[in-house]
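**Q** Sharing target.json, JSON, C-alpha atoms:
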```json
[["chain", "number", "residue", "atom", "x", "y", "z"],
["A", 351, "ILE", "CA", 18.68, 77.47, 44.72],
["A", 352, "SER", "CA", 18.20, 74.09, 43.09],
["A", 353, "ARG", "CA", 21.02, 72.01, 41.62],
["A", 354, "MET", "CA", 19.93, 72.41, 38.00],
["A", 355, "PRO", "CA", 20.81, 76.13, 37.57],
["A", 356, "VAL", "CA", 24.14, 75.57, 39.33],
["A", 357, "ARG", "CA", 24.90, 72.58, 37.09],
["A", 358, "ASP", "CA", 23.95, 74.62, 34.00],
["A", 359, "ALA", "CA", 26.22, 77.46, 35.13],
["A", 360, "ILE", "CA", 29.12, 75.06, 35.66],
["A", 361, "TYR", "CA", 28.64, 73.54, 32.19],
["A", 362, "GLN", "CA", 28.51, 77.05, 30.71],
["A", 363, "LEU", "CA", 31.76, 78.05, 32.47],
["A", 364, "ASP", "CA", 33.36, 74.84, 31.19],
["A", 365, "ALA", "CA", 32.19, 75.57, 27.64],
["A", 366, "GLU", "CA", 33.59, 79.10, 27.86],
["A", 367, "GLY", "CA", 36.98, 77.89, 29.08],
["A", 368, "PHE", "CA", 36.89, 79.38, 32.57],
["A", 369, "ILE", "CA", 36.76, 76.06, 34.43],
["A", 370, "GLN", "CA", 37.66, 72.48, 33.60],
["A", 371, "LEU", "CA", 35.46, 69.52, 34.50],
["A", 372, "VAL", "CA", 37.32, 66.38, 35.54],
["A", 373, "ALA", "CA", 35.32, 63.15, 35.69],
["A", 374, "ASN", "CA", 34.75, 61.91, 39.25],
["A", 375, "ARG", "CA", 36.80, 64.80, 40.68],
["A", 376, "GLY", "CA", 34.78, 67.95, 40.10],
["A", 377, "ALA", "CA", 35.30, 71.38, 38.56],
["A", 378, "PHE", "CA", 38.57, 73.30, 38.70],
["A", 379, "VAL", "CA", 39.58, 76.77, 37.60],
["A", 380, "ARG", "CA", 41.11, 76.40, 34.13],
["A", 381, "THR", "CA", 44.76, 77.38, 33.89],
["A", 382, "TYR", "CA", 46.59, 78.18, 30.69],
["A", 383, "THR", "CA", 50.22, 77.56, 29.82],
["A", 384, "GLY", "CA", 52.42, 80.23, 28.29],
["A", 385, "ASP", "CA", 51.97, 78.65, 24.85],
["A", 386, "GLU", "CA", 48.19, 78.67, 25.24],
["A", 387, "ILE", "CA", 48.29, 82.33, 26.28],
["A", 388, "ILE", "CA", 50.23, 83.13, 23.10],
["A", 389, "ASP", "CA", 47.76, 81.08, 21.03],
["A", 390, "LEU", "CA", 44.74, 82.87, 22.52],
["A", 391, "SER", "CA", 46.50, 86.23, 22.21],
["A", 392, "GLU", "CA", 47.14, 85.76, 18.51],
["A", 393, "MET", "CA", 43.39, 85.37, 17.99],
["A", 394, "ARG", "CA", 42.70, 88.29, 20.30],
["A", 395, "ALA", "CA", 45.25, 90.50, 18.52],
["A", 396, "SER", "CA", 43.63, 89.83, 15.15],
["A", 397, "LEU", "CA", 40.13, 90.54, 16.46],
["A", 398, "GLU", "CA", 41.15, 93.66, 18.39],
["A", 399, "GLY", "CA", 43.11, 94.97, 15.41],
["A", 400, "LEU", "CA", 40.06, 94.44, 13.19],
["A", 401, "ALA", "CA", 37.78, 96.22, 15.67],
["A", 402, "GLY", "CA", 40.20, 99.16, 15.88],
["A", 403, "ARG", "CA", 40.45, 99.33, 12.10],
["A", 404, "LEU", "CA", 36.66, 99.34, 11.76],
["A", 405, "ALA", "CA", 36.34, 102.02, 14.47],
["A", 406, "VAL", "CA", 38.52, 104.39, 12.42],
["A", 407, "GLU", "CA", 35.83, 104.50, 9.72],
["A", 408, "SER", "CA", 33.45, 106.50, 11.90],
["A", 409, "ILE", "CA", 35.42, 107.76, 14.92],
["A", 410, "THR", "CA", 34.80, 111.39, 15.89],
["A", 411, "ASP", "CA", 37.03, 113.91, 17.62],
["A", 412, "GLN", "CA", 34.78, 113.66, 20.69],
["A", 413, "GLU", "CA", 35.26, 109.89, 20.82],
["A", 414, "ILE", "CA", 39.02, 110.30, 20.57],
["A", 415, "ALA", "CA", 38.82, 112.85, 23.40],
["A", 416, "LYS", "CA", 36.91, 110.29, 25.48],
["A", 417, "LEU", "CA", 39.60, 107.67, 24.76],
["A", 418, "GLU", "CA", 42.25, 110.18, 25.91],
["A", 419, "TYR", "CA", 40.24, 110.73, 29.09],
["A", 420, "LEU", "CA", 39.87, 106.97, 29.71],
["A", 421, "LEU", "CA", 43.59, 106.45, 29.18],
["A", 422, "ASP", "CA", 44.42, 109.28, 31.57],
["A", 423, "ARG", "CA", 42.11, 107.73, 34.20],
["A", 424, "SER", "CA", 43.90, 104.39, 33.93],
["A", 425, "ARG", "CA", 47.27, 106.05, 34.48],
["A", 426, "HIS", "CA", 46.16, 107.52, 37.80],
["A", 427, "CYS", "CA", 45.63, 104.15, 39.46],
["A", 428, "GLU", "CA", 49.26, 103.93, 40.64],
["A", 429, "THR", "CA", 49.57, 100.56, 42.38],
["A", 430, "ASP", "CA", 45.87, 99.67, 42.50],
["A", 431, "TYR", "CA", 46.25, 97.04, 39.79],
["A", 432, "ARG", "CA", 42.66, 95.81, 39.92],
["A", 433, "LYS", "CA", 41.36, 99.33, 39.32],
["A", 434, "PHE", "CA", 43.99, 99.80, 36.61],
["A", 435, "LEU", "CA", 42.84, 96.65, 34.81],
["A", 436, "ALA", "CA", 39.19, 97.71, 34.99],
["A", 437, "ARG", "CA", 40.06, 101.11, 33.49],
["A", 438, "HIS", "CA", 42.45, 99.53, 30.99],
["A", 439, "ASP", "CA", 39.63, 97.29, 29.76],
["A", 440, "GLU", "CA", 37.29, 100.29, 29.72],
["A", 441, "PHE", "CA", 39.68, 102.09, 27.34],
["A", 442, "HIS", "CA", 40.05, 99.13, 24.98],
["A", 443, "LEU", "CA", 36.43, 98.02, 24.98],
["A", 444, "TYR", "CA", 35.17, 101.56, 24.38],
["A", 445, "LEU", "CA", 37.40, 101.73, 21.30],
["A", 446, "TYR", "CA", 36.22, 98.35, 20.04],
["A", 447, "GLU", "CA", 32.56, 99.23, 20.58],
["A", 448, "LEU", "CA", 33.09, 102.11, 18.16],
["A", 449, "SER", "CA", 33.49, 99.45, 15.45],
["A", 450, "GLY", "CA", 29.73, 98.90, 15.62],
["A", 451, "ARG", "CA", 30.26, 95.12, 15.54],
["A", 452, "LYS", "CA", 28.43, 93.65, 18.54],
["A", 453, "HIS", "CA", 29.51, 90.03, 18.01],
["A", 454, "LEU", "CA", 33.12, 91.00, 17.41],
["A", 455, "VAL", "CA", 33.16, 92.97, 20.68],
["A", 456, "SER", "CA", 31.56, 90.02, 22.47],
["A", 457, "GLU", "CA", 34.36, 87.67, 21.34],
["A", 458, "ILE", "CA", 37.04, 90.22, 22.27],
["A", 459, "THR", "CA", 35.47, 90.66, 25.71],
["A", 460, "TRP", "CA", 35.49, 86.90, 26.29],
["A", 461, "LEU", "CA", 39.18, 86.61, 25.30],
["A", 462, "ARG", "CA", 40.10, 89.59, 27.48],
["A", 463, "LEU", "CA", 38.35, 87.96, 30.45],
["A", 464, "LEU", "CA", 40.42, 84.80, 29.95],
["A", 465, "HIS", "CA", 43.61, 86.88, 30.01],
["A", 466, "ARG", "CA", 42.69, 89.13, 32.93],
["A", 467, "PRO", "CA", 43.91, 86.87, 35.81],
["A", 468, "TYR", "CA", 47.24, 86.45, 34.06],
["A", 469, "LEU", "CA", 47.63, 90.16, 33.43],
["A", 470, "LEU", "CA", 46.80, 90.85, 37.08],
["A", 471, "ALA", "CA", 49.37, 88.27, 38.21],
["A", 472, "TYR", "CA", 51.94, 89.87, 35.90],
["A", 473, "CYS", "CA", 51.22, 93.34, 37.29],
["A", 474, "LEU", "CA", 51.44, 92.13, 40.89],
["A", 475, "GLY", "CA", 54.53, 90.03, 40.23],
["A", 476, "ASN", "CA", 56.40, 92.80, 38.45],
["A", 477, "ILE", "CA", 55.01, 95.77, 40.40],
["A", 478, "GLU", "CA", 54.06, 97.64, 37.26],
["A", 479, "GLN", "CA", 50.81, 98.57, 35.57],
["A", 480, "GLU", "CA", 51.68, 97.43, 32.10],
["A", 481, "MET", "CA", 54.56, 96.33, 30.01],
["A", 482, "LEU", "CA", 55.05, 99.30, 27.69],
["A", 483, "GLY", "CA", 52.87, 102.25, 28.72],
["A", 484, "PHE", "CA", 53.46, 104.33, 25.61],
["A", 485, "GLU", "CA", 51.70, 101.79, 23.38],
["A", 486, "HIS", "CA", 48.28, 103.27, 24.14],
["A", 487, "ASP", "CA", 49.62, 106.66, 23.05],
["A", 488, "LEU", "CA", 50.71, 105.07, 19.76],
["A", 489, "ILE", "CA", 47.20, 103.67, 19.28],
["A", 490, "LEU", "CA", 45.75, 107.15, 19.90],
["A", 491, "ASP", "CA", 48.23, 108.69, 17.46],
["A", 492, "GLU", "CA", 47.07, 106.30, 14.73],
["A", 493, "LEU", "CA", 43.42, 107.05, 15.57],
["A", 494, "ARG", "CA", 44.06, 110.81, 15.32],
["A", 495, "ARG", "CA", 45.61, 110.22, 11.88],
["A", 496, "ARG", "CA", 42.54, 108.14, 10.95],
["A", 497, "ASP", "CA", 44.92, 105.42, 9.73],
["A", 498, "PRO", "CA", 43.05, 102.07, 9.83],
["A", 499, "VAL", "CA", 46.12, 100.00, 8.91],
["A", 500, "GLY", "CA", 48.23, 101.80, 11.50],
["A", 501, "VAL", "CA", 45.60, 101.26, 14.21],
["A", 502, "ASP", "CA", 45.34, 97.56, 13.35],
["A", 503, "ARG", "CA", 49.14, 97.12, 13.32],
["A", 504, "THR", "CA", 49.66, 99.03, 16.59],
["A", 505, "ILE", "CA", 46.91, 97.20, 18.48],
["A", 506, "HIS", "CA", 48.12, 93.84, 17.15],
["A", 507, "ALA", "CA", 51.71, 94.56, 18.26],
["A", 508, "HIS", "CA", 50.49, 95.79, 21.67],
["A", 509, "VAL", "CA", 48.50, 92.61, 22.37],
["A", 510, "ILE", "CA", 51.25, 90.24, 21.17],
["A", 511, "ARG", "CA", 54.06, 92.03, 23.05],
["A", 512, "ASN", "CA", 52.09, 91.95, 26.29],
["A", 513, "ALA", "CA", 51.13, 88.30, 25.74],
["A", 514, "GLU", "CA", 54.78, 87.34, 25.25],
["A", 515, "ASN", "CA", 55.71, 89.03, 28.52],
["A", 516, "ILE", "CA", 52.82, 87.39, 30.36],
["A", 517, "ALA", "CA", 53.63, 83.97, 28.87],
["A", 518, "ALA", "CA", 57.26, 84.31, 29.99],
["A", 519, "PHE", "CA", 56.08, 85.30, 33.46],
["A", 520, "VAL", "CA", 53.67, 82.33, 33.63],
["A", 521, "GLY", "CA", 56.49, 80.04, 32.52],
["A", 522, "SER", "CA", 58.86, 81.33, 35.20],
["A", 523, "VAL", "CA", 56.19, 80.97, 37.90],
["A", 524, "ALA", "CA", 55.44, 77.40, 36.75],
["A", 525, "ALA", "CA", 59.16, 76.56, 36.85],
["A", 526, "MET", "CA", 59.43, 77.95, 40.39],
["A", 527, "HIS", "CA", 56.43, 75.87, 41.51],
["A", 528, "LYS", "CA", 57.83, 72.75, 39.87],
["A", 529, "SER", "CA", 61.17, 73.31, 41.59],
["A", 530, "ALA", "CA", 59.47, 73.88, 44.96],
["A", 531, "LEU", "CA", 57.40, 70.71, 44.55],
["A", 532, "ALA", "CA", 60.50, 68.73, 43.66],
["A", 533, "ARG", "CA", 62.28, 70.00, 46.78],
["A", 534, "ALA", "CA", 59.24, 69.28, 48.94],
["A", 535, "SER", "CA", 58.91, 65.72, 47.66],
["A", 536, "SER", "CA", 62.59, 64.76, 47.87],
["A", 537, "PRO", "CA", 63.43, 62.10, 50.51],
["A", 538, "ASN", "CA", 65.72, 64.48, 52.44],
["A", 539, "THR", "CA", 62.94, 67.04, 52.75],
["A", 540, "ARG", "CA", 60.46, 64.46, 53.98],
["A", 541, "ARG", "CA", 62.78, 63.23, 56.72],
["A", 542, "ALA", "CA", 63.49, 66.72, 57.87],
["A", 543, "THR", "CA", 59.76, 67.45, 57.98],
["A", 544, "VAL", "CA", 58.91, 64.26, 59.88],
["A", 545, "VAL", "CA", 61.69, 64.67, 62.48]]
```
Once you've parsed the file, please lay out its structure as structure tokens.
**A**
Amino acid sequence: ISRMPVRDAIYQLDAEGFIQLVANRGAFVRTYTGDEIIDLSEMRASLEGLAGRLAVESITDQEIAKLEYLLDRSRHCETDYRKFLARHDEFHLYLYELSGRKHLVSEITWLRLLHRPYLLAYCLGNIEQEMLGFEHDLILDELRRRDPVGVDRTIHAHVIRNAENIAAFVGSVAAMHKSALARASSPNTRRATVV
């Protein structure tokens, strides 16, 4: 493969926020702070709430049954967190596709991809599939009632609550790394390592 397609792909990943280009150093995987995760999640919560609200306008009983099936599949992943996340996304994205808004779903998908590594790290670090498992049941309850405001509110709360937990986790991991780096770079540590 020639350099041009690779260069174009790197610029595209940079534009989408997945990597960060540093002059004279190269490309690095983009990391987000807890505050940035909250910021991105607030946008995501608004968009996902809107998509859920729009889906209520035309959702059928069969589509709700499919959502129940997708949710049940995600619950049977036990400790296979990667499979859980794939099925978790399948549940949410199927719901949002029911909104009939292709561009809205595209933006939601992009934001969910940015969050996915952090959600996986949270799951692995806390040995649990998700923060509050009953929240998907609450979303389904609002869908069954055909309550667009309730669906919007429930999805919004679900995204924000999870983002707050992930941001706190990212903050605690960053603090642990900072502490470990400080210990590793202290003069006493260096002498002990050299000797």
**Q** What is the atom CA of A:Ser522 to atom CA of A:Tyr382 distance in Å?
**A**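 Between these atoms lies a distance of 13.4 Å.
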**Q** Measuring between only C-alpha atoms, which one of A:Ala395, A:Met354, A:Leu464, A:Val455 shows the shortest distance to A:His508?
**A**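 Looking only at the distances to A:His508, the closest residue turns out to be A:Ala395.
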**Q** Determine the nearest neighbour of A:Ala513 from the options A:Gly367, A:Gly384, A:Gly450, A:Gly376, counting only C-alpha atoms.
**A**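 Nearest candidate to A:Ala513 out of A:Gly367, A:Gly384, A:Gly450, A:Gly376: A:Gly384.
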**Q** In Å, how far is it from atom CA of A:Glu440 to atom CA of A:Glu418?
**A** 11.7 Å
**Q** List the neighbours of A:Trp460 out to 12 Å using all atoms listed in the file; skip same-chain residues closer than 6 positions along the sequence, and give me the result as a list in words.
**A**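 Once the nearby chain positions are removed, what remains is Leu363, Ala365, Glu366, Gly367, Phe368, Leu390, Ser391, Met393, Arg394, Leu397, Glu398, Asp439, Leu443, His453, Leu454 and Arg466 of chain A.
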**Q** Which distance in Å separates atom CA of A:Leu400 and atom CA of A:Gly521, to one decimal?
**A** 29.2 Å
**Q** Which residue gives the smallest distance to A:Arg496 among A:Leu371, A:Ala405, A:Ala471, A:Ile387, with all atoms listed in the file counted?
**A**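 The shortest atom-to-atom distance to A:Arg496 comes from A:Ala405.
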**Q** Hey, which of A:Arg423, A:Arg437, A:Leu448, A:Gly402 ends up closest to A:Gly500? Count all atoms listed in the file.
**A**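 Closest to A:Gly500 of all the choices is A:Gly402.
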**Q** From the list A:Leu470, A:Leu493, A:Leu435, A:Leu488, which residue is nearest A:Val406 when using all atoms listed in the file?
**A** A:Leu493
**Q** Would you mind listing what lies within 9 Å of A:Leu490 as a short mmCIF file (atom, residue, chain, number, x, y, z; two decimals) with C-alpha atoms, keeping the file's coordinate frame, with only C-alpha atoms counted and same-chain residues fewer than 2 positions away left out?
**A**
```cif
data_model
loop_
_atom_site.label_atom_id
_atom_site.label_comp_id
_atom_site.auth_asym_id
_atom_site.auth_seq_id
_atom_site.Cartn_x
_atom_site.Cartn_y
_atom_site.Cartn_z
CA ILE A 414 39.02 110.30 20.57
CA LEU A 417 39.60 107.67 24.76
CA GLU A 418 42.25 110.18 25.91
CA GLU A 485 51.70 101.79 23.38
CA HIS A 486 48.28 103.27 24.14
CA ASP A 487 49.62 106.66 23.05
CA LEU A 488 50.71 105.07 19.76
CA GLU A 492 47.07 106.30 14.73
CA LEU A 493 43.42 107.05 15.57
CA ARG A 494 44.06 110.81 15.32
CA ARG A 495 45.61 110.22 11.88
CA VAL A 501 45.60 101.26 14.21
#
```
